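I have placed the structure first, in the form of structure tokens, so that the comments after it can refer back to it.
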Amino acid sequence: MKRRTGQDRSITQGWRPATQAVRGGTARSEFGETSEAIFLTSGYCYDRAEDAAARFAGEQQGMTYSRLQNPTVEMLEQRIALLEGAEACRTMATGMAAMTAVLLCQLQQGDHVVAGRAAFGSCRWLVDTLLPKFGIATTTVDARDPQAFQDAVKPNTKVFFFETPANPTMDVVDLAAVCGIARERGIVSVVDNAFATPALQRPMDFGADVTAYSATKMMDGQGRVLAGAVCGTEDFITNTLLPFTRNTGPTLSAFNAWVVLKGLETLDLRIRRQSDNALAVGRFLEGRVPRILHPGLPSHPQHDLAMRQMVAAGGIFAFEVEGRAQAHALLDALQLIDISNNIGDSRSLMTHPASTTHYGVSAEARAEMGVTEGLLRLNVGLEDPADLIDDLDQALRQVGL
Ligand SMILES: *Cc1c(COP(=O)(O)O)cnc(C)c1O
């Protein structure tokens with residue numbers, strides 16, 4: 001029956017990623033709709049009381065309550081798992097719900113975590129504030145250096161947690177080396193892969209155990225909804241993550257799941273075009289601004305590593321001007337590119353991390369991770385790059401660069 005081929009792993013696993021992105025996970029209702037249906041329902045009905053009992057006992061397949069399962073949400077989870085090359089995926093209401101769940105579900109008092117110090121502001125808050133509050137010790141390291149992870153390991157280290165490329169400094173982590181160190185010691189490596197997405201980088205191909213996503217970013221890709229996801233083995237998702245999420249409830253809404261399903265259909269097209277556009281804009285800025293942090297440019301110290309583990313460098317990069325006053329003046333002078341702290345949007349957006357996304361991170365931690373007062377992060381969208389370059393050119397002139 002073709003209605004459900006999208007859910008048959010024996011068929012979908014053989015599909016290439018472009019096919020999985022459009023059809024993976026699709027389960028059609030009795031109406032045979034072409035585009036996936038949105039099931040806006042909180043509950044489910046049973047023909048007989050015995051059926052309800054059997055479903056709660058796990059003896060009968062089927063849904064019981066949308067905090068636990070929903071047909072639209074499951075379609076998205078299957079599609080992401082296929083693209084990731086993971087056995088299983090569970091989605092969450094936001095990227096931060098995914099990061100919180102993936103850490104708390106497997107950690108307890110007395111454990112230790114080693115985390116990359118360059119990270120999204122709220123991820124740093126989890127590591128610096130939330131985990132220690134519950135008796136989980138954390139060490140932050142320069143994740144560009146695999147040896148730093150090795151040196152930070154203690155007998156009670158349970159998790160390595162890092163982003164690559166990292167927000168907003170574009171530090172690149174050697175996935176094979178760091179995940180290899182984790183594997184050898186029985187430590188779970190958790191990779192926040194929001195910037196690259198499985199379209200550009202599949203951390204599990206390099207030995208990562210778990211990947212976590214803000215699907216708000218490139219997966220939605222059009223700045224519409226918040227969503228998150230965690231991918232791992234069937235055992236990890238079912239036995240470690242699910243007991244936590246089913247009972248704490250960071251569930252993704254069916255409507256938001258549907259929006260991200262539609263986003264995934266064009267993910268590969270968008271992210272490749274945005275990578276090309278970001279390279280064009282990066283080449284223009286190189287030499288024009290004091291410093292540029294773009295792993296797609298040969299001038300980036302980790303360019304070779306980035307190109308070994310990524311298909312392309314993505315649409316996001318950072319650059320530096322002289323201090324906060326010039327950074328804010330440059331933002332104010334832009335006519336086309338919006339001032340916005342979001343990323344992964346089809347629109348070009350620029351932000352000053354020190355006063356926005358990383359405002360909540362201590363000044364010392366900001367300095368340590370390279371979030372300087374002159375740093376600007378640019379999300380390059382799907383506009384014509386020549387228009388973006390024209391806009392940057394006029395804005396740079398206005399601030400004397
Ligand atoms: C945005 C982001 C998050 C948080 O995701 P939300 O969907 O905003 O909750 C986590 N990690 C990285 C790298 C991000 O860019």
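Note on naming: chains are A, B, ... as they come in the structure tokens, residues start from 1 per chain, ligands start from 1 in the order shown.
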Quick one: residues within 8 Å of ligand 1, with only C-alpha atoms and all ligand atoms, as a VMD selection string?
-> chain A and resid 93 to 99 119 to 120 122 to 123 163 166 to 167 192 to 195 213 to 217 226 to 228 342 to 343
Residues of the last selection are to be written out with C-alpha atoms, as a PDB file, in the first residue's frame.
ATOM      1  CA  ALA A  93       9.039  22.444  21.233  1.00  0.00           C
ATOM      2  CA  THR A  94      12.278  24.448  20.777  1.00  0.00           C
ATOM      3  CA  GLY A  95      15.978  23.888  20.261  1.00  0.00           C
ATOM      4  CA  MET A  96      16.623  24.719  23.922  1.00  0.00           C
ATOM      5  CA  ALA A  97      13.997  22.173  25.020  1.00  0.00           C
ATOM      6  CA  ALA A  98      15.974  19.616  22.975  1.00  0.00           C
ATOM      7  CA  MET A  99      19.325  20.661  24.528  1.00  0.00           C
ATOM      8  CA  ALA A 119      28.448  27.971  22.202  1.00  0.00           C
ATOM      9  CA  PHE A 120      25.012  29.485  21.798  1.00  0.00           C
ATOM     10  CA  SER A 122      21.538  29.533  26.314  1.00  0.00           C
ATOM     11  CA  CYS A 123      23.612  26.367  25.814  1.00  0.00           C
ATOM     12  CA  GLU A 163      28.579  22.703  18.522  1.00  0.00           C
ATOM     13  CA  ALA A 166      29.941  27.048  16.896  1.00  0.00           C
ATOM     14  CA  ASN A 167      27.668  30.030  17.396  1.00  0.00           C
ATOM     15  CA  ASP A 192      24.537  20.498  18.448  1.00  0.00           C
ATOM     16  CA  ASN A 193      24.370  20.417  14.636  1.00  0.00           C
ATOM     17  CA  ALA A 194      22.003  23.383  14.147  1.00  0.00           C
ATOM     18  CA  PHE A 195      24.288  25.400  11.863  1.00  0.00           C
ATOM     19  CA  TYR A 213      18.964  20.526  16.789  1.00  0.00           C
ATOM     20  CA  SER A 214      17.330  23.855  16.884  1.00  0.00           C
ATOM     21  CA  ALA A 215      14.988  23.098  13.948  1.00  0.00           C
ATOM     22  CA  THR A 216      13.939  26.749  14.253  1.00  0.00           C
ATOM     23  CA  LYS A 217      16.981  27.617  12.184  1.00  0.00           C
ATOM     24  CA  LEU A 226      10.324  27.230  16.897  1.00  0.00           C
ATOM     25  CA  ALA A 227      11.231  23.547  17.004  1.00  0.00           C
ATOM     26  CA  GLY A 228      13.940  21.194  18.254  1.00  0.00           C
ATOM     27  CA  ASN A 342      17.648  34.969  14.319  1.00  0.00           C
ATOM     28  CA  ILE A 343      19.559  32.717  11.910  1.00  0.00           C
TER      29      ILE A 343
END
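Within 6 Å of range 153-157 of chain A, once only C-alpha atoms are used and residues closer than 3 positions along the same chain are dropped, the contacting residues are Asp111, His112, Val113 and Gln150 of chain A.
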Keeping C-alpha atoms, export the residues of the selection given above as a short mmCIF file (atom, residue, chain, number, x, y, z; two decimals), in the first residue's frame.
data_model
loop_
_atom_site.label_atom_id
_atom_site.label_comp_id
_atom_site.auth_asym_id
_atom_site.auth_seq_id
_atom_site.Cartn_x
_atom_site.Cartn_y
_atom_site.Cartn_z
CA ASP A 111 28.30 13.34 36.97
CA HIS A 112 30.67 15.53 34.96
CA VAL A 113 30.28 17.12 31.52
CA GLN A 150 41.06 14.41 26.56
#
Go through range 286-358 of chain A residue by residue and, counting only C-alpha atoms, keep those with an atom at most 10 Å from range 175-186 of chain A; for each kept residue give the shortest atom pair and its distance in Å to one decimal, ordered by chain and increasing number, as a Markdown table.
| residue | atom | partner | partner_atom | distance |
| --- | --- | --- | --- | --- |
| A:Leu305 | CA | A:Leu175 | CA | 9.4 |
| A:Ala306 | CA | A:Leu175 | CA | 9.8 |
| A:Gln309 | CA | A:Leu175 | CA | 7.7 |
Selected residues written out with N, CA and C atoms, as a PDB file, in the first residue's frame:
ATOM      1  N   LEU A 305      39.794  21.303   7.776  1.00  0.00           N
ATOM      2  CA  LEU A 305      38.983  20.422   8.624  1.00  0.00           C
ATOM      3  C   LEU A 305      37.493  20.591   8.294  1.00  0.00           C
ATOM      4  N   ALA A 306      37.042  21.844   8.193  1.00  0.00           N
ATOM      5  CA  ALA A 306      35.628  22.103   7.897  1.00  0.00           C
ATOM      6  C   ALA A 306      35.226  21.420   6.593  1.00  0.00           C
ATOM      7  N   GLN A 309      34.697  17.581   6.825  1.00  0.00           N
ATOM      8  CA  GLN A 309      33.500  17.022   7.476  1.00  0.00           C
ATOM      9  C   GLN A 309      32.195  17.673   7.041  1.00  0.00           C
TER      10      GLN A 309
END
List every residue of range 108-244 of chain A that DSSP, applied to the backbone of this structure, assigns to strand (DSSP E), and report them as a ChimeraX atom specification.
-> /A:112-116,137-141,157-163,188-192,210-214,228-232
DSSP helix (DSSP H, G or I) residues within range 121-286 of chain A, as a VMD selection string | chain A and resid 121 to 133 146 to 152 175 to 185 197 to 200 203 to 206 234 to 248 254 to 265 267 to 285
Might you pull out every residue within 12 Å of range 319-322 of chain A, with only C-alpha atoms counted and same-chain residues fewer than 6 positions away left off, and present them as a ChimeraX atom specification?
-> /A:168-170,281-295,300,328-331,350-354,370-379,396,399-401
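Using only C-alpha atoms for every distance, the candidate list A:Ala212, A:Val230, A:Ile11, A:Ala199 yields A:Ile11 as the residue closest to Gly24 in chain A.
Rounded to one decimal, CA of Gln108 in chain A and CA of Phe134 in chain A lie 7.7 Å from each other.
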Could you name the residues that touch Leu334 in chain A at 8 Å or less, counting only C-alpha atoms, but leaving out those on the same chain fewer than 3 positions away, as a PyMOL selection string?
-> chain A and resi 330-331+337-338+391-392+394-395
